[in-house]
Structures are given as structure tokens and as C-alpha cells.
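Pasting input_9.cif here (mmCIF, C-alpha atoms):
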data_model
loop_
_atom_site.group_PDB
_atom_site.id
_atom_site.type_symbol
_atom_site.label_atom_id
_atom_site.label_comp_id
_atom_site.auth_asym_id
_atom_site.auth_seq_id
_atom_site.Cartn_x
_atom_site.Cartn_y
_atom_site.Cartn_z
ATOM 1 C CA MET A 46 0.000 0.000 0.000
ATOM 2 C CA GLY A 47 1.155 3.525 -0.698
ATOM 3 C CA GLN A 48 0.090 7.097 -1.118
ATOM 4 C CA LEU A 49 -0.151 8.691 -4.535
ATOM 5 C CA GLU A 50 -0.178 12.464 -4.904
ATOM 6 C CA VAL A 51 -1.358 13.802 -8.251
ATOM 7 C CA THR A 52 -0.973 17.494 -9.032
ATOM 8 C CA VAL A 53 -2.821 18.607 -12.148
ATOM 9 C CA VAL A 54 -0.731 21.599 -13.160
ATOM 10 C CA GLU A 55 -1.895 22.797 -16.565
ATOM 11 C CA GLY A 56 -3.008 21.865 -20.045
ATOM 12 C CA ARG A 57 -2.061 23.128 -23.485
ATOM 13 C CA ASN A 58 -3.548 23.091 -26.956
ATOM 14 C CA PHE A 59 -6.834 21.470 -25.944
ATOM 15 C CA LYS A 60 -9.159 20.806 -28.855
ATOM 16 C CA GLN A 61 -11.974 23.349 -28.759
ATOM 17 C CA LYS A 62 -15.374 21.765 -28.149
ATOM 18 C CA ASP A 63 -17.495 24.926 -27.982
ATOM 19 C CA THR A 64 -18.532 26.763 -31.133
ATOM 20 C CA PHE A 65 -18.371 30.326 -29.835
ATOM 21 C CA SER A 66 -15.831 30.180 -27.011
ATOM 22 C CA ALA A 67 -12.873 28.239 -25.667
ATOM 23 C CA ASN A 68 -13.312 25.231 -23.372
ATOM 24 C CA ASP A 69 -14.370 25.330 -19.735
ATOM 25 C CA ALA A 70 -12.045 22.436 -18.953
ATOM 26 C CA TYR A 71 -11.916 20.211 -15.896
ATOM 27 C CA VAL A 72 -10.254 16.864 -15.169
ATOM 28 C CA LYS A 73 -11.559 13.697 -13.458
ATOM 29 C CA ILE A 74 -8.816 11.568 -11.888
ATOM 30 C CA TYR A 75 -9.110 7.970 -10.649
ATOM 31 C CA LEU A 76 -7.161 4.733 -10.192
ATOM 32 C CA ASP A 77 -9.935 2.304 -11.110
ATOM 33 C CA GLU A 78 -13.700 2.206 -11.418
ATOM 34 C CA LYS A 79 -14.071 1.161 -7.754
ATOM 35 C CA THR A 80 -12.193 4.128 -6.277
ATOM 36 C CA PRO A 81 -13.785 7.547 -5.899
ATOM 37 C CA LYS A 82 -13.039 10.005 -8.677
ATOM 38 C CA GLU A 83 -11.483 13.347 -7.859
ATOM 39 C CA LYS A 84 -12.204 16.402 -9.978
ATOM 40 C CA THR A 85 -10.493 19.733 -10.630
ATOM 41 C CA LYS A 86 -12.373 22.985 -10.791
ATOM 42 C CA ALA A 87 -13.500 24.039 -14.262
ATOM 43 C CA LYS A 88 -11.277 26.718 -15.809
ATOM 44 C CA LEU A 89 -13.491 28.958 -17.861
ATOM 45 C CA ASN A 90 -12.873 29.968 -21.462
ATOM 46 C CA SER A 91 -9.388 28.510 -21.968
ATOM 47 C CA ASN A 92 -7.826 25.899 -24.242
ATOM 48 C CA ASN A 93 -4.628 26.270 -22.157
ATOM 49 C CA PRO A 94 -5.974 26.019 -18.582
ATOM 50 C CA THR A 95 -3.967 26.205 -15.358
ATOM 51 C CA TRP A 96 -5.260 24.339 -12.304
ATOM 52 C CA ASN A 97 -2.396 23.692 -9.854
ATOM 53 C CA GLN A 98 -4.630 21.371 -7.817
ATOM 54 C CA SER A 99 -3.352 18.380 -5.834
ATOM 55 C CA PHE A 100 -5.180 15.181 -4.961
ATOM 56 C CA PHE A 101 -4.189 12.273 -2.716
ATOM 57 C CA PHE A 102 -5.088 8.632 -3.277
ATOM 58 C CA ASN A 103 -4.614 5.594 -1.059
ATOM 59 C CA HIS A 104 -2.914 3.284 -3.510
ATOM 60 C CA LEU A 105 -3.546 -0.457 -3.329
ATOM 61 C CA TYR A 106 -1.609 -3.326 -4.888
ATOM 62 C CA GLY A 107 -2.724 -3.854 -8.485
ATOM 63 C CA GLN A 108 -3.753 -0.253 -9.140
ATOM 64 C CA ASP A 109 -1.065 0.261 -11.767
ATOM 65 C CA THR A 110 -2.799 2.747 -14.055
ATOM 66 C CA LEU A 111 -3.799 6.336 -13.359
ATOM 67 C CA HIS A 112 -6.778 7.505 -15.428
ATOM 68 C CA LEU A 113 -7.601 11.095 -16.327
ATOM 69 C CA ASP A 114 -10.651 12.179 -18.311
ATOM 70 C CA ILE A 115 -10.697 15.786 -19.528
ATOM 71 C CA TYR A 116 -14.054 17.450 -20.112
ATOM 72 C CA ASP A 117 -15.506 20.719 -21.357
ATOM 73 C CA LYS A 118 -18.185 21.846 -18.887
ATOM 74 C CA ASP A 119 -21.415 22.863 -20.583
ATOM 75 C CA ALA A 120 -24.841 23.909 -19.333
ATOM 76 C CA ILE A 121 -26.648 20.891 -20.801
ATOM 77 C CA LYS A 122 -24.087 18.085 -21.152
ATOM 78 C CA ASP A 123 -20.331 18.075 -20.575
ATOM 79 C CA GLU A 124 -18.292 17.029 -23.616
ATOM 80 C CA LYS A 125 -15.249 14.803 -23.328
ATOM 81 C CA ILE A 126 -12.068 16.400 -24.675
ATOM 82 C CA GLY A 127 -9.957 13.271 -24.228
ATOM 83 C CA SER A 128 -8.260 10.859 -21.840
ATOM 84 C CA VAL A 129 -4.845 10.012 -20.443
ATOM 85 C CA HIS A 130 -3.858 6.604 -19.031
ATOM 86 C CA ILE A 131 -0.541 6.496 -17.176
ATOM 87 C CA ASP A 132 1.291 3.281 -16.341
ATOM 88 C CA LEU A 133 2.559 3.842 -12.794
ATOM 89 C CA HIS A 134 5.463 1.355 -12.855
ATOM 90 C CA GLN A 135 8.042 4.066 -13.685
ATOM 91 C CA LEU A 136 6.679 6.162 -10.824
ATOM 92 C CA TYR A 137 7.196 3.258 -8.401
ATOM 93 C CA LEU A 138 10.889 3.191 -9.367
ATOM 94 C CA LYS A 139 11.511 6.953 -9.468
ATOM 95 C CA GLY A 140 9.126 8.113 -6.737
ATOM 96 C CA HIS A 141 8.525 11.438 -8.517
ATOM 97 C CA ILE A 142 7.594 12.430 -12.095
ATOM 98 C CA ASP A 143 6.954 15.941 -13.454
ATOM 99 C CA ASP A 144 6.046 15.702 -17.142
ATOM 100 C CA TRP A 145 3.660 16.466 -19.999
ATOM 101 C CA PHE A 146 1.352 13.658 -21.129
ATOM 102 C CA ASP A 147 -0.390 13.408 -24.501
ATOM 103 C CA ILE A 148 -4.173 13.330 -24.517
ATOM 104 C CA LEU A 149 -5.399 10.252 -26.403
ATOM 105 C CA ASP A 150 -7.330 10.577 -29.681
ATOM 106 C CA THR A 151 -6.997 14.354 -29.831
ATOM 107 C CA GLN A 152 -4.504 17.155 -29.785
ATOM 108 C CA GLY A 153 -3.245 18.643 -26.557
ATOM 109 C CA GLN A 154 -1.248 17.717 -23.502
ATOM 110 C CA ILE A 155 -1.608 17.881 -19.756
ATOM 111 C CA ARG A 156 1.180 18.529 -17.257
ATOM 112 C CA LEU A 157 1.131 16.429 -14.100
ATOM 113 C CA ILE A 158 3.358 16.096 -11.071
ATOM 114 C CA LEU A 159 3.144 12.600 -9.611
ATOM 115 C CA HIS A 160 4.620 11.580 -6.273
ATOM 116 C CA TYR A 161 4.461 8.105 -4.776
ATOM 117 C CA GLU A 162 5.412 6.910 -1.308
ATOM 118 C CA ARG A 163 5.205 3.309 -0.221
ATOM 119 C CA LEU A 164 3.684 3.107 3.254
ATOM 120 C CA GLN A 165 5.470 0.996 5.853
ATOM 121 C CA ILE A 166 3.095 -1.385 7.563
#

Here is the file; what I need is its structure written in the form of C-alpha cells.
Amino acid sequence: MGQLEVTVVEGRNFKQKDTFSANDAYVKIYLDEKTPKEKTKAKLNSNNPTWNQSFFFNHLYGQDTLHLDIYDKDAIKDEKIGSVHIDLHQLYLKGHIDDWFDILDTQGQIRLILHYERLQI
């Protein structure tokens, strides 16, 4: 068991989903479908949002992928901008990663700072 800290720093070059304005982007973060999802605040009218929000997860054995879904917040229905799936094995070895990650199936990237600490039991 360990503790995973995920800091969602910023995004760049997000694909615009709205016709008349830039995205109102937010990010959902989770380890698997059984764990609660965390969510950033929506950053209004920006295809290059800055969040600087940190989230902590109790990490269990077998949770080896971090999932992020990026959305454009809309009044009627939020539209998905894209997703990022991060294999955490490199993080287990390094303990700390600060990098840009490509958003799948679309343009754009998201910068994350990941920190992992194994808990002593």
C-alpha cells in the first residue's frame, strides 16, 4: 500500500469543443472504477488552462494505471475532450515524475506532477 499524490498543473492546446468560445475544462482523476473520482475545478474559457490542484489517493496493490478524463463543462451536457492513461510502474521506481502527457485521440497535452510513497506497515 502507498500514497499517490497527483498534481494537475496545466493543459495546453486542448481541442476546442465549444462553437463560440474556448473550453471550460476540468479533469476527473481515478485509479480504477471502484475508487472515488477526484475532480479539478473548471477553468473557464481557456484551451490552455492552469489548475495547480493536488489530490491524494490511497494506492492499493494492483492499481497500476492512473486515469484522467478531460471534459468541457457545458450547461446541458459536458463534452469529453480526451483521456490520459498512465502506467505507474516508472513512478514506483523513481518516486517522482513531473512531465507532460499526450491526450489520447486528440490534440493537446496535460502537465502532471506525480509523487508516490510506499507506506510501511

*Find the residues near Ser99 of chain A: any atom within 12 Å, counting only C-alpha atoms, skip ones fewer than 2 places away on the same chain, and give them as a PyMOL selection string.*
chain A and resi 49-55+72+74+83-86+96-97+101-102+157-160

File of the preceding selection, C-alpha atoms, as an mmCIF file, in the frame of the given file:
data_model
loop_
_atom_site.group_PDB
_atom_site.id
_atom_site.type_symbol
_atom_site.label_atom_id
_atom_site.label_comp_id
_atom_site.auth_asym_id
_atom_site.auth_seq_id
_atom_site.Cartn_x
_atom_site.Cartn_y
_atom_site.Cartn_z
ATOM 1 C CA LEU A 49 -0.151 8.691 -4.535
ATOM 2 C CA GLU A 50 -0.178 12.464 -4.904
ATOM 3 C CA VAL A 51 -1.358 13.802 -8.251
ATOM 4 C CA THR A 52 -0.973 17.494 -9.032
ATOM 5 C CA VAL A 53 -2.821 18.607 -12.148
ATOM 6 C CA VAL A 54 -0.731 21.599 -13.160
ATOM 7 C CA GLU A 55 -1.895 22.797 -16.565
ATOM 8 C CA VAL A 72 -10.254 16.864 -15.169
ATOM 9 C CA ILE A 74 -8.816 11.568 -11.888
ATOM 10 C CA GLU A 83 -11.483 13.347 -7.859
ATOM 11 C CA LYS A 84 -12.204 16.402 -9.978
ATOM 12 C CA THR A 85 -10.493 19.733 -10.630
ATOM 13 C CA LYS A 86 -12.373 22.985 -10.791
ATOM 14 C CA TRP A 96 -5.260 24.339 -12.304
ATOM 15 C CA ASN A 97 -2.396 23.692 -9.854
ATOM 16 C CA PHE A 101 -4.189 12.273 -2.716
ATOM 17 C CA PHE A 102 -5.088 8.632 -3.277
ATOM 18 C CA LEU A 157 1.131 16.429 -14.100
ATOM 19 C CA ILE A 158 3.358 16.096 -11.071
ATOM 20 C CA LEU A 159 3.144 12.600 -9.611
ATOM 21 C CA HIS A 160 4.620 11.580 -6.273
#

*By how many Å are atom CA of Phe59 of chain A and atom CA of Asn93 of chain A apart?*
6.5 Å

*Give the answer as one residue: which of A:Asp143, A:Asp132, A:Asp117, A:Glu162 has the shortest atom-to-atom distance to Lys62 of chain A, using all atoms listed in the file?*
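For Lys62 of chain A, the nearest of the candidates is A:Asp117.
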
*I need the residue set behind the PyMOL selection byres ((chain A and resi 140) around 7) for this file; please write it as an NGL selection string.*
:A and (136-139 or 141 or 160-162)

_Residues in the PyMOL selection byres ((chain A and resi 124) around 12), expressed as a PyMOL selection string_ = chain A and resi 60-63+68-72+114-123+125-128

*Could you tell me which residues the PyMOL selection byres ((chain A and resi 109) around 8) grabs in this file, written as a list in words?*
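That selection, the PyMOL selection byres ((chain A and resi 109) around 8), comes back as Leu76, Tyr106, Gly107, Gln108, Thr110, Leu111, Asp132, Leu133 and His134 of chain A.
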
*Using only C-alpha atoms, which of the listed residues (A:Arg163, A:Asp77, A:Asn58, A:His104) sits closest to His130 of chain A?*
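That would be A:Asp77, the residue with the smallest distance to His130 of chain A.
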
*Figure out the distance between atom CA of Ala87 of chain A and atom CA of Trp145 of chain A, please, to one decimal in Å.*
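These two atoms are separated by 19.6 Å.
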
*Point-to-point distance in Å for atom CA of Tyr75 of chain A and atom CA of Thr95 of chain A*: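 Going from atom CA of Thr95 of chain A over to atom CA of Tyr75 of chain A covers 19.5 Å.
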
*Counting all atoms listed in the file, the residue of A:Lys73, A:Asp150, A:Lys79, A:Val129 that sits nearest Gln98 of chain A*: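 Closest to Gln98 of chain A, using all atoms listed in the file: A:Lys73.
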
*Identify which of the residues A:Gln165, A:Leu105, A:His112, A:Asn92 lies closest to Phe146 of chain A, counting only C-alpha atoms when measuring atom-to-atom distances.*
A:His112

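When all atoms listed in the file are used to compute distances to Leu164 of chain A, the closest of the residues A:Phe65, A:Asn103, A:Lys88, A:Thr151 turns out to be A:Asn103.
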
*asked:* For Gly56 of chain A, find every residue with an atom within 6 Å (counting only C-alpha atoms), except residues of its own chain fewer than 3 positions away, and show them as a PyMOL selection string.
replied: chain A and resi 93-94+154-155

Using the file's own x, y and z axes, so that the box edges lie along x, y and z, what centre and edge lengths in Å (one decimal) does a box around every listed atom of segment 101-111 of chain A get when 6 Å is added on each side? Give it as AutoDock Vina command-line options.
--center_x -3.1 --center_y 4.2 --center_z -7.6 --size_x 16.0 --size_y 28.1 --size_z 25.0

*Can you work out which one of A:Lys82, A:Gln135, A:Gln48, A:Leu113 has the shortest atom-to-atom distance to Asp147 of chain A, counting only C-alpha atoms?*
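Counting only C-alpha atoms, the residue closest to Asp147 of chain A is A:Leu113.
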